[in-house]
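J.: Just start.json, nothing more (JSON, C-alpha atoms):
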```json
[["chain", "number", "residue", "atom", "x", "y", "z"],
["Z", 27, "MET", "CA", -28.57, -5.73, 17.75],
["Z", 28, "VAL", "CA", -27.89, -2.55, 15.86],
["Z", 29, "ASP", "CA", -30.15, 0.46, 16.30],
["Z", 30, "TRP", "CA", -31.18, 1.79, 12.92],
["Z", 31, "THR", "CA", -33.21, 4.98, 12.63],
["Z", 32, "ASP", "CA", -35.94, 5.07, 9.99],
["Z", 33, "ALA", "CA", -33.86, 7.64, 8.12],
["Z", 34, "GLU", "CA", -30.85, 5.33, 8.08],
["Z", 35, "ARG", "CA", -32.89, 2.36, 6.83],
["Z", 36, "ALA", "CA", -34.39, 4.51, 4.12],
["Z", 37, "ALA", "CA", -31.02, 5.94, 3.08],
["Z", 38, "ILE", "CA", -29.44, 2.49, 2.78],
["Z", 39, "ALA", "CA", -32.38, 1.00, 0.89],
["Z", 40, "SER", "CA", -32.47, 3.93, -1.49],
["Z", 41, "LEU", "CA", -28.73, 3.94, -2.12],
["Z", 42, "TRP", "CA", -28.60, 0.16, -2.58],
["Z", 43, "GLY", "CA", -31.42, 0.42, -5.10],
["Z", 44, "LYS", "CA", -29.26, 2.72, -7.22],
["Z", 45, "ILE", "CA", -26.02, 0.77, -6.96],
["Z", 46, "ASP", "CA", -25.01, -1.51, -9.84],
["Z", 47, "VAL", "CA", -22.83, -4.18, -8.20],
["Z", 48, "GLY", "CA", -21.39, -5.10, -11.59],
["Z", 49, "GLU", "CA", -20.10, -1.55, -11.90],
["Z", 50, "ILE", "CA", -19.07, -0.53, -8.39],
["Z", 51, "GLY", "CA", -17.75, -3.94, -7.29],
["Z", 52, "PRO", "CA", -15.03, -4.27, -9.95],
["Z", 53, "GLN", "CA", -13.99, -0.63, -9.45],
["Z", 54, "ALA", "CA", -13.69, -1.04, -5.70],
["Z", 55, "LEU", "CA", -11.66, -4.24, -5.80],
["Z", 56, "ALA", "CA", -9.35, -2.86, -8.51],
["Z", 57, "ARG", "CA", -8.77, 0.25, -6.41],
["Z", 58, "LEU", "CA", -8.02, -1.86, -3.32],
["Z", 59, "LEU", "CA", -5.26, -3.64, -5.25],
["Z", 60, "ILE", "CA", -3.94, -0.39, -6.73],
["Z", 61, "VAL", "CA", -4.12, 1.93, -3.73],
["Z", 62, "TYR", "CA", -3.04, -0.69, -1.15],
["Z", 63, "PRO", "CA", -0.75, -2.96, -3.18],
["Z", 64, "TRP", "CA", -0.03, -5.27, -0.26],
["Z", 65, "THR", "CA", -3.58, -6.59, -0.61],
["Z", 66, "GLN", "CA", -2.43, -8.25, -3.84],
["Z", 67, "ARG", "CA", -1.00, -11.03, -1.66],
["Z", 68, "HIS", "CA", -4.40, -12.75, -1.72],
["Z", 69, "PHE", "CA", -4.78, -12.66, -5.47],
["Z", 70, "LYS", "CA", -1.70, -14.36, -6.87],
["Z", 71, "ALA", "CA", -3.92, -16.77, -8.82],
["Z", 72, "PHE", "CA", -5.63, -13.95, -10.67],
["Z", 73, "GLY", "CA", -3.03, -13.61, -13.45],
["Z", 74, "ASN", "CA", -1.46, -10.30, -14.35],
["Z", 75, "ILE", "CA", -1.96, -7.72, -11.57],
["Z", 76, "SER", "CA", 1.47, -6.13, -11.88],
["Z", 77, "THR", "CA", 0.36, -2.65, -12.96],
["Z", 78, "ALA", "CA", -2.67, -0.43, -12.42],
["Z", 79, "ALA", "CA", -3.62, -0.90, -16.08],
["Z", 80, "ALA", "CA", -3.32, -4.68, -15.77],
["Z", 81, "ILE", "CA", -5.49, -4.67, -12.62],
["Z", 82, "MET", "CA", -8.16, -2.51, -14.21],
["Z", 83, "GLY", "CA", -8.31, -4.78, -17.26],
["Z", 84, "ASN", "CA", -8.15, -8.05, -15.33],
["Z", 85, "GLU", "CA", -11.34, -10.10, -15.78],
["Z", 86, "LYS", "CA", -10.85, -12.18, -12.64],
["Z", 87, "VAL", "CA", -10.55, -9.03, -10.56],
["Z", 88, "ALA", "CA", -13.72, -7.66, -12.13],
["Z", 89, "GLU", "CA", -15.62, -10.89, -11.59],
["Z", 90, "HIS", "CA", -14.52, -11.20, -7.98],
["Z", 91, "GLY", "CA", -15.32, -7.54, -7.32],
["Z", 92, "LYS", "CA", -18.84, -8.18, -8.54],
["Z", 93, "VAL", "CA", -19.19, -11.22, -6.26],
["Z", 94, "VAL", "CA", -17.92, -9.35, -3.19],
["Z", 95, "MET", "CA", -20.12, -6.31, -3.80],
["Z", 96, "GLY", "CA", -23.11, -8.55, -4.49],
["Z", 97, "GLY", "CA", -22.52, -10.17, -1.13],
["Z", 98, "LEU", "CA", -23.74, -6.97, 0.52],
["Z", 99, "ASP", "CA", -27.24, -7.70, -0.70],
["Z", 100, "ARG", "CA", -27.82, -10.23, 2.06],
["Z", 101, "ALA", "CA", -26.97, -7.61, 4.66],
["Z", 102, "VAL", "CA", -29.25, -5.00, 3.08],
["Z", 103, "LYS", "CA", -32.10, -7.52, 3.19],
["Z", 104, "ASN", "CA", -31.33, -8.58, 6.78],
["Z", 105, "MET", "CA", -30.25, -5.42, 8.51],
["Z", 106, "ASP", "CA", -31.32, -6.67, 11.92],
["Z", 107, "ASN", "CA", -29.28, -9.85, 11.67],
["Z", 108, "ILE", "CA", -26.07, -8.93, 9.85],
["Z", 109, "LYS", "CA", -23.93, -10.62, 12.51],
["Z", 110, "ASN", "CA", -25.34, -14.04, 11.61],
["Z", 111, "VAL", "CA", -25.66, -13.42, 7.88],
["Z", 112, "TYR", "CA", -21.88, -13.41, 7.58],
["Z", 113, "LYS", "CA", -20.98, -16.03, 10.19],
["Z", 114, "ASP", "CA", -19.84, -18.65, 7.67],
["Z", 115, "LEU", "CA", -18.06, -16.09, 5.49],
["Z", 116, "SER", "CA", -16.20, -14.85, 8.53],
["Z", 117, "ILE", "CA", -15.02, -18.34, 9.39],
["Z", 118, "LYS", "CA", -13.96, -18.87, 5.76],
["Z", 119, "HIS", "CA", -11.95, -15.63, 5.63],
["Z", 120, "SER", "CA", -10.25, -16.48, 8.91],
["Z", 121, "GLU", "CA", -9.56, -20.19, 8.61],
["Z", 122, "LYS", "CA", -9.31, -20.78, 4.90],
["Z", 123, "ILE", "CA", -8.26, -17.56, 3.20],
["Z", 124, "HIS", "CA", -6.38, -16.00, 6.16],
["Z", 125, "VAL", "CA", -7.28, -12.40, 5.41],
["Z", 126, "ASP", "CA", -6.25, -9.69, 7.88],
["Z", 127, "PRO", "CA", -9.66, -8.30, 8.96],
["Z", 128, "ASP", "CA", -8.32, -4.76, 8.63],
["Z", 129, "ASN", "CA", -8.59, -5.35, 4.88],
["Z", 130, "PHE", "CA", -12.39, -5.44, 5.21],
["Z", 131, "ARG", "CA", -12.25, -1.92, 6.60],
["Z", 132, "LEU", "CA", -9.99, -0.77, 3.75],
["Z", 133, "LEU", "CA", -12.33, -2.21, 1.12],
["Z", 134, "ALA", "CA", -15.34, -0.65, 2.85],
["Z", 135, "GLU", "CA", -13.64, 2.76, 2.70],
["Z", 136, "ILE", "CA", -12.92, 2.34, -0.99],
["Z", 137, "ILE", "CA", -16.48, 1.19, -1.75],
["Z", 138, "THR", "CA", -17.67, 4.38, -0.06],
["Z", 139, "MET", "CA", -15.44, 6.48, -2.32],
["Z", 140, "CYS", "CA", -16.60, 4.68, -5.46],
["Z", 141, "VAL", "CA", -20.22, 5.24, -4.45],
["Z", 142, "GLY", "CA", -19.47, 8.91, -3.80],
["Z", 143, "ALA", "CA", -17.77, 9.30, -7.17],
["Z", 144, "LYS", "CA", -20.70, 7.62, -8.92],
["Z", 145, "PHE", "CA", -23.54, 9.58, -7.32],
["Z", 146, "GLY", "CA", -21.97, 12.95, -6.42],
["Z", 147, "PRO", "CA", -22.52, 15.18, -3.39],
["Z", 148, "SER", "CA", -26.25, 15.84, -3.83],
["Z", 149, "VAL", "CA", -27.16, 12.14, -3.63],
["Z", 150, "PHE", "CA", -24.30, 10.97, -1.44],
["Z", 151, "THR", "CA", -24.84, 13.65, 1.19],
["Z", 152, "PRO", "CA", -23.08, 13.65, 4.59],
["Z", 153, "GLY", "CA", -26.25, 12.15, 6.08],
["Z", 154, "VAL", "CA", -26.38, 9.35, 3.54],
["Z", 155, "GLN", "CA", -22.66, 8.75, 4.01],
["Z", 156, "GLU", "CA", -23.20, 8.39, 7.76],
["Z", 157, "ALA", "CA", -25.85, 5.71, 7.27],
["Z", 158, "TRP", "CA", -23.87, 3.91, 4.57],
["Z", 159, "GLN", "CA", -20.66, 3.85, 6.62],
["Z", 160, "LYS", "CA", -22.54, 2.68, 9.69],
["Z", 161, "PHE", "CA", -23.97, -0.14, 7.59],
["Z", 162, "LEU", "CA", -20.55, -1.09, 6.21],
["Z", 163, "ALA", "CA", -19.03, -0.92, 9.70],
["Z", 164, "VAL", "CA", -21.56, -3.52, 10.86],
["Z", 165, "VAL", "CA", -20.72, -5.69, 7.85],
["Z", 166, "VAL", "CA", -16.99, -5.34, 8.55],
["Z", 167, "SER", "CA", -17.51, -6.21, 12.20],
["Z", 168, "ALA", "CA", -19.57, -9.28, 11.28],
["Z", 169, "LEU", "CA", -16.89, -10.48, 8.88],
["Z", 170, "GLY", "CA", -14.23, -10.18, 11.56],
["Z", 171, "ARG", "CA", -16.32, -11.64, 14.33],
["Z", 172, "GLN", "CA", -15.44, -15.34, 13.97],
["Z", 173, "TYR", "CA", -11.70, -14.77, 13.95],
["Z", 174, "HIS", "CA", -9.91, -16.26, 16.91],
["B", 23, "MET", "CA", 6.80, 6.95, -1.76],
["B", 24, "LEU", "CA", 5.55, 9.48, -4.27],
["B", 25, "SER", "CA", 6.75, 9.27, -7.85],
["B", 26, "LYS", "CA", 7.52, 12.42, -9.84],
["B", 27, "LYS", "CA", 4.36, 11.84, -11.88],
["B", 28, "GLU", "CA", 2.27, 11.52, -8.72],
["B", 29, "LYS", "CA", 3.71, 14.72, -7.25],
["B", 30, "GLU", "CA", 2.80, 16.58, -10.44],
["B", 31, "LEU", "CA", -0.72, 15.14, -10.42],
["B", 32, "ILE", "CA", -1.18, 16.07, -6.75],
["B", 33, "ALA", "CA", 0.04, 19.64, -7.33],
["B", 34, "GLU", "CA", -2.28, 19.96, -10.33],
["B", 35, "ILE", "CA", -5.38, 18.66, -8.58],
["B", 36, "TRP", "CA", -4.93, 20.75, -5.43],
["B", 37, "GLY", "CA", -4.06, 23.80, -7.51],
["B", 38, "LYS", "CA", -7.47, 23.50, -9.19],
["B", 39, "LEU", "CA", -9.21, 23.08, -5.83],
["B", 40, "MET", "CA", -7.79, 26.26, -4.25],
["B", 41, "PRO", "CA", -10.57, 28.52, -5.63],
["B", 42, "VAL", "CA", -13.23, 26.24, -4.10],
["B", 43, "ALA", "CA", -11.32, 25.59, -0.88],
["B", 44, "GLU", "CA", -14.27, 26.70, 1.23],
["B", 45, "ASP", "CA", -16.72, 24.26, -0.37],
["B", 46, "ILE", "CA", -14.32, 21.31, -0.39],
["B", 47, "GLY", "CA", -13.10, 21.90, 3.15],
["B", 48, "SER", "CA", -16.51, 22.44, 4.72],
["B", 49, "ASP", "CA", -17.91, 19.40, 2.90],
["B", 50, "ALA", "CA", -15.12, 17.16, 4.17],
["B", 51, "LEU", "CA", -15.52, 18.46, 7.73],
["B", 52, "LEU", "CA", -19.29, 18.00, 7.66],
["B", 53, "ARG", "CA", -18.89, 14.43, 6.43],
["B", 54, "MET", "CA", -16.39, 13.75, 9.21],
["B", 55, "PHE", "CA", -18.67, 15.20, 11.91],
["B", 56, "SER", "CA", -21.64, 13.17, 10.60],
["B", 57, "THR", "CA", -19.82, 9.87, 10.24],
["B", 58, "PHE", "CA", -17.45, 10.12, 13.20],
["B", 59, "PRO", "CA", -19.27, 12.11, 15.90],
["B", 60, "GLY", "CA", -16.29, 11.87, 18.28],
["B", 61, "THR", "CA", -14.45, 14.33, 16.07],
["B", 62, "LYS", "CA", -16.90, 17.04, 17.07],
["B", 63, "THR", "CA", -15.38, 17.17, 20.52],
["B", 64, "TYR", "CA", -12.56, 19.34, 19.18],
["B", 65, "PHE", "CA", -15.00, 21.97, 17.95],
["B", 66, "SER", "CA", -17.21, 22.65, 20.95],
["B", 67, "HIS", "CA", -16.17, 26.31, 20.77],
["B", 68, "LEU", "CA", -17.42, 26.77, 17.19],
["B", 69, "ASP", "CA", -20.69, 26.55, 15.30],
["B", 70, "ILE", "CA", -20.08, 23.64, 12.93],
["B", 71, "SER", "CA", -23.54, 23.29, 11.45],
["B", 72, "ALA", "CA", -23.85, 23.11, 7.66],
["B", 73, "ARG", "CA", -22.91, 26.35, 5.87],
["B", 74, "SER", "CA", -22.05, 28.11, 9.13],
["B", 75, "PRO", "CA", -19.38, 30.84, 8.80],
["B", 76, "HIS", "CA", -17.12, 28.92, 11.22],
["B", 77, "LEU", "CA", -17.39, 25.71, 9.19],
["B", 78, "LEU", "CA", -16.70, 27.49, 5.91],
["B", 79, "SER", "CA", -13.71, 29.45, 7.18],
["B", 80, "HIS", "CA", -12.25, 26.47, 8.99],
["B", 81, "GLY", "CA", -12.70, 24.22, 5.98],
["B", 82, "LYS", "CA", -11.05, 26.84, 3.79],
["B", 83, "LYS", "CA", -8.07, 27.14, 6.13],
["B", 84, "ILE", "CA", -7.46, 23.39, 6.14],
["B", 85, "VAL", "CA", -7.77, 22.95, 2.37],
["B", 86, "LEU", "CA", -5.49, 25.89, 1.64],
["B", 87, "ALA", "CA", -2.82, 24.42, 3.93],
["B", 88, "ILE", "CA", -3.08, 21.04, 2.17],
["B", 89, "ALA", "CA", -3.14, 22.68, -1.28],
["B", 90, "GLU", "CA", -0.15, 24.92, -0.57],
["B", 91, "GLY", "CA", 1.82, 21.97, 0.77],
["B", 92, "ALA", "CA", 1.01, 20.10, -2.44],
["B", 93, "GLN", "CA", 2.70, 22.73, -4.60],
["B", 94, "ASP", "CA", 6.13, 21.77, -3.24],
["B", 95, "ILE", "CA", 5.97, 18.39, -1.54],
["B", 96, "SER", "CA", 9.74, 18.14, -1.12],
["B", 97, "GLN", "CA", 9.56, 21.11, 1.24],
["B", 98, "LEU", "CA", 6.67, 19.76, 3.30],
["B", 99, "ALA", "CA", 8.70, 19.48, 6.54],
["B", 100, "VAL", "CA", 9.78, 23.11, 6.28],
["B", 101, "ASN", "CA", 6.42, 24.51, 5.21],
["B", 102, "LEU", "CA", 4.44, 22.65, 7.85],
["B", 103, "GLY", "CA", 6.70, 23.72, 10.74],
["B", 104, "PRO", "CA", 4.32, 26.28, 12.25],
["B", 105, "LEU", "CA", 1.30, 23.98, 11.83],
["B", 106, "GLN", "CA", 3.24, 21.12, 13.43],
["B", 107, "THR", "CA", 3.91, 23.29, 16.47],
["B", 108, "LEU", "CA", 0.29, 24.44, 16.63],
["B", 109, "HIS", "CA", -1.08, 20.89, 16.55],
["B", 110, "ALA", "CA", 1.50, 19.48, 18.97],
["B", 111, "TYR", "CA", 1.39, 22.08, 21.69],
["B", 112, "GLN", "CA", -1.94, 23.86, 21.37],
["B", 113, "LEU", "CA", -4.57, 21.89, 19.51],
["B", 114, "ARG", "CA", -3.33, 18.44, 20.52],
["B", 115, "ILE", "CA", -5.79, 16.64, 18.28],
["B", 116, "ASP", "CA", -5.34, 12.88, 18.58],
["B", 117, "PRO", "CA", -3.58, 11.92, 15.32],
["B", 118, "THR", "CA", -6.05, 9.07, 14.72],
["B", 119, "ASN", "CA", -8.46, 11.81, 13.71],
["B", 120, "PHE", "CA", -6.19, 12.85, 10.84],
["B", 121, "LYS", "CA", -6.96, 9.48, 9.25],
["B", 122, "LEU", "CA", -10.68, 10.03, 9.71],
["B", 123, "PHE", "CA", -10.44, 13.47, 8.13],
["B", 124, "SER", "CA", -8.29, 12.17, 5.26],
["B", 125, "HIS", "CA", -10.89, 9.51, 4.51],
["B", 126, "CYS", "CA", -13.69, 12.06, 4.44],
["B", 127, "MET", "CA", -11.57, 14.37, 2.29],
["B", 128, "LEU", "CA", -11.11, 11.52, -0.20],
["B", 129, "VAL", "CA", -14.88, 10.93, -0.23],
["B", 130, "THR", "CA", -15.43, 14.66, -0.85],
["B", 131, "LEU", "CA", -12.90, 14.59, -3.69],
["B", 132, "ALA", "CA", -14.57, 11.47, -5.14],
["B", 133, "CYS", "CA", -17.99, 13.16, -5.03],
["B", 134, "HIS", "CA", -16.76, 16.37, -6.62],
["B", 135, "MET", "CA", -14.36, 14.89, -9.17],
["B", 136, "GLY", "CA", -16.48, 11.92, -10.28],
["B", 137, "ASP", "CA", -14.72, 10.21, -13.19],
["B", 138, "ASP", "CA", -11.66, 12.43, -12.75],
["B", 139, "PHE", "CA", -11.07, 10.67, -9.44],
["B", 140, "THR", "CA", -9.24, 7.92, -11.29],
["B", 141, "PRO", "CA", -7.54, 5.04, -9.46],
["B", 142, "LEU", "CA", -4.17, 6.78, -10.05],
["B", 143, "ALA", "CA", -5.42, 10.09, -8.69],
["B", 144, "HIS", "CA", -7.01, 8.25, -5.76],
["B", 145, "ALA", "CA", -3.77, 6.45, -4.90],
["B", 146, "ALA", "CA", -1.71, 9.63, -5.20],
["B", 147, "MET", "CA", -4.11, 11.64, -3.03],
["B", 148, "ASP", "CA", -4.30, 8.92, -0.39],
["B", 149, "LYS", "CA", -0.49, 8.79, -0.20],
["B", 150, "TYR", "CA", -0.16, 12.57, -0.04],
["B", 151, "LEU", "CA", -2.76, 12.95, 2.70],
["B", 152, "SER", "CA", -1.07, 10.16, 4.71],
["B", 153, "ALA", "CA", 2.29, 11.90, 4.37],
["B", 154, "PHE", "CA", 0.73, 15.25, 5.29],
["B", 155, "ALA", "CA", -0.92, 13.77, 8.39],
["B", 156, "ALA", "CA", 2.29, 12.04, 9.49],
["B", 157, "MET", "CA", 4.22, 15.29, 9.06],
["B", 158, "LEU", "CA", 1.60, 17.20, 11.04],
["B", 159, "ALA", "CA", 1.98, 14.83, 14.00],
["B", 160, "GLU", "CA", 5.78, 14.83, 14.01],
["B", 161, "LYS", "CA", 6.28, 17.21, 16.92],
["B", 162, "TYR", "CA", 3.72, 15.47, 19.15],
["B", 163, "ARG", "CA", 6.36, 13.42, 20.94]]
```
What is this structure when it is put down as structure tokens?
T.:
Amino acid sequence: MVDWTDAERAAIASLWGKIDVGEIGPQALARLLIVYPWTQRHFKAFGNISTAAAIMGNEKVAEHGKVVMGGLDRAVKNMDNIKNVYKDLSIKHSEKIHVDPDNFRLLAEIITMCVGAKFGPSVFTPGVQEAWQKFLAVVVSALGRQYH
Amino acid sequence: MLSKKEKELIAEIWGKLMPVAEDIGSDALLRMFSTFPGTKTYFSHLDISARSPHLLSHGKKIVLAIAEGAQDISQLAVNLGPLQTLHAYQLRIDPTNFKLFSHCMLVTLACHMGDDFTPLAHAAMDKYLSAFAAMLAEKYR
């Protein structure tokens, strides 16, 4: 069980309320593929991802980014049970998709930067960042938990 | 590997940040201390609360070193010599922390640059900070 302070719960709820998954999700996934090109290995079926411009204009990337970002909603709504929320997804990423769990950490870092760029330093303060990264760390841990 | 275009972009961005080195540096440090409390262990001799003189001057020092290095990346090994020695023999900060700081610096840049923190700028900055950190740790062993 994770210990959340009231301030952390409030910060995450407030931030999540402002986030548009259709906006941040596509940006984050595109950046993952651009900044860490080796992650493209999982997206060969997505069509043209050969250049940054191609990635940013790729509809499949955008759609998948939205799906992944939207997946955080379940964690926001079940902050005391994140481990179990992602049990099946963890198994899927391990046994079916074969994703190195370190990639979850990379994507989480990029999501954090996209959120920072969107909301600026007065909304995304160090305190809010702490809560948000703690939240994402729990999500990342849950996604890696079923690997064996 | 940094392309010529990326090196120019990096030099340009850091050149513009030099006048606000204090704000950028202290913001990045504060974010690092908040998110990764273990990093505070290296600063027990300073007051690192928000807006403290120590935090501001230390943040400024770090950003200026990064910004100056960015103006001539091909000479990074030469220019960082003294800082390499300092970190290896005196400060002895575990190099894992360079990654934590780099991440928080990227978040600070994202917050301050907003839309200007394009995917290309993001990739270039990430690569530069990684190279900088690796160079800084070179004399450790």
J.: What's the separation between atom CA of B:Asn119 and atom CA of B:His134, in Å to one decimal place?
T.: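 Straight-line distance from atom CA of B:Asn119 to atom CA of B:His134 works out to 22.4 Å.
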J.: Contacts of B:Gln93 at 12 Å or less, counting all atoms listed in the file, minus same-chain residues fewer than 2 places along, as a PyMOL selection string?
T.: chain B and resi 28-40+86-91+95-98+101+150
J.: Find the residue from B:Lys27, B:Lys161, B:Arg53, B:His109 that sits nearest to chain Z; use all atoms listed in the file when measuring.
T.: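 Of B:Lys27, B:Lys161, B:Arg53, B:His109, the one nearest chain Z is B:Arg53, counting all atoms listed in the file.
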J.: How close does chain B get to chain Z? List, as JSON lines, each residue of chain B within 6 Å, its nearest atom pair and the distance in Å to one decimal, counting all atoms listed in the file.
T.:
```
{"residue": "B:Arg53", "atom": "CA", "partner": "Z:Pro152", "partner_atom": "CA", "distance": 4.6}
{"residue": "B:Ser56", "atom": "CA", "partner": "Z:Glu156", "partner_atom": "CA", "distance": 5.8}
{"residue": "B:Thr57", "atom": "CA", "partner": "Z:Glu156", "partner_atom": "CA", "distance": 4.4}
{"residue": "B:Val129", "atom": "CA", "partner": "Z:Met139", "partner_atom": "CA", "distance": 4.9}
{"residue": "B:Ala132", "atom": "CA", "partner": "Z:Ala143", "partner_atom": "CA", "distance": 4.4}
{"residue": "B:Cys133", "atom": "CA", "partner": "Z:Gly146", "partner_atom": "CA", "distance": 4.2}
{"residue": "B:Gly136", "atom": "CA", "partner": "Z:Ala143", "partner_atom": "CA", "distance": 4.3}
{"residue": "B:Pro141", "atom": "CA", "partner": "Z:Arg57", "partner_atom": "CA", "distance": 5.8}
{"residue": "B:Ala145", "atom": "CA", "partner": "Z:Val61", "partner_atom": "CA", "distance": 4.7}
```
J.: Here is a test: counting all atoms listed in the file, which residue of Z:Ala37, Z:Ala168, Z:Ala134, Z:Leu55 is nearest to Z:Asn84?
T.: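 Of all the options, Z:Leu55 lies closest to Z:Asn84.
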J.: Give as an MDAnalysis selection string the set of residues within 6 Å of the point (-15.3, -16.2, 12.7), where distances use the file's coordinates and all atoms listed in the file.
T.: chainID Z and resid 116:117 171:173
J.: Write out as an NGL selection string each polymer residue whose atoms come within 6 Å of stretch 66-81 of chain B, counting all atoms listed in the file; drop sequence neighbours fewer than 3 positions from it.
T.: :B and (44 or 47-48 or 63 or 84)
J.: Calculate how many Å separate atom CA of Z:Pro63 from atom CA of B:Thr140, rounding to one decimal.
T.: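 Atom-to-atom, atom CA of Z:Pro63 to atom CA of B:Thr140, that is 16.0 Å.
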J.: Work out how far apart atom CA of Z:Phe130 and atom CA of B:Leu158 are and give it in Å to one decimal.
T.: 27.2 Å
J.: Smallest atom-to-atom distance to B:Phe154: which of B:Ala110, B:Ala99, B:Ile46, B:Leu24, using only C-alpha atoms?
T.: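 For B:Phe154, the nearest of the candidates is B:Ala99.
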J.: What's the 10 Å shell around Z:Asp114, counting all atoms listed in the file, without same-chain residues fewer than 5 positions away, as a list in words?
T.: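 Close residues of Z:Asp114: His119, Ser120, Leu169 and Gln172 of chain Z.
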J.: Z:Ile45, Z:Glu34, Z:Asn74, Z:His68: which is nearest Z:Lys122, counting all atoms listed in the file?
T.: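 Ranking Z:Ile45, Z:Glu34, Z:Asn74, Z:His68 by distance to Z:Lys122, first place goes to Z:His68.
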J.: Show me, as an MDAnalysis selection string, the residues that have an atom within 10 Å of B:Thr107 when counting all atoms listed in the file, minus same-chain residues fewer than 5 positions from it.
T.: chainID B and resid 102 112:114 158:162
J.: With 8 Å of padding per side, what axis-aligned box (centre and edge lengths, Å, one decimal) covers all the listed atoms of stretch 44-51 of chain Z? Give it as AutoDock Vina command-line options.
T.:
```
--center_x -23.5 --center_y -1.2 --center_z -9.4 --size_x 27.5 --size_y 23.8 --size_z 20.9
```
J.: Select, counting all atoms listed in the file, all protein, DNA and RNA residues no farther than 10 Å from (-16.9, 13.8, 12.7) in file coordinates, and express the selection as a list of chain:residue names.
T.: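 With a cut-off of 10 Å, the residues come to Z:Glu156, B:Ala50, B:Leu51, B:Leu52, B:Arg53, B:Met54, B:Phe55, B:Ser56, B:Thr57, B:Phe58, B:Pro59, B:Gly60, B:Thr61, B:Lys62, B:Thr63, B:Tyr64, B:Phe65, B:Asn119, B:Leu122, B:Phe123, B:Cys126.
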J.: Here is a test: counting all atoms listed in the file, which residue of Z:Val111, Z:Val102, Z:Gly48, Z:Ile75 is nearest to Z:Ala36?
T.: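 The shortest atom-to-atom distance to Z:Ala36 comes from Z:Val102.
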J.: At a cut-off of 9 Å, using all atoms listed in the file, what residues contact Z:Ser167? Leave out same-chain residues fewer than 5 positions from it and give the result as a PDB file with C-alpha atoms, in the coordinates of the input.
T.:
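Written file, around00.pdb:
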```pdb
ATOM      1  CA  LYS Z 109     -23.930 -10.620  12.510  1.00  0.00           C
ATOM      2  CA  PRO Z 127      -9.660  -8.300   8.960  1.00  0.00           C
ATOM      3  CA  PHE Z 130     -12.390  -5.440   5.210  1.00  0.00           C
ATOM      4  CA  ARG Z 131     -12.250  -1.920   6.600  1.00  0.00           C
ATOM      5  CA  LEU Z 162     -20.550  -1.090   6.210  1.00  0.00           C
TER       6      LEU Z 162
END
```
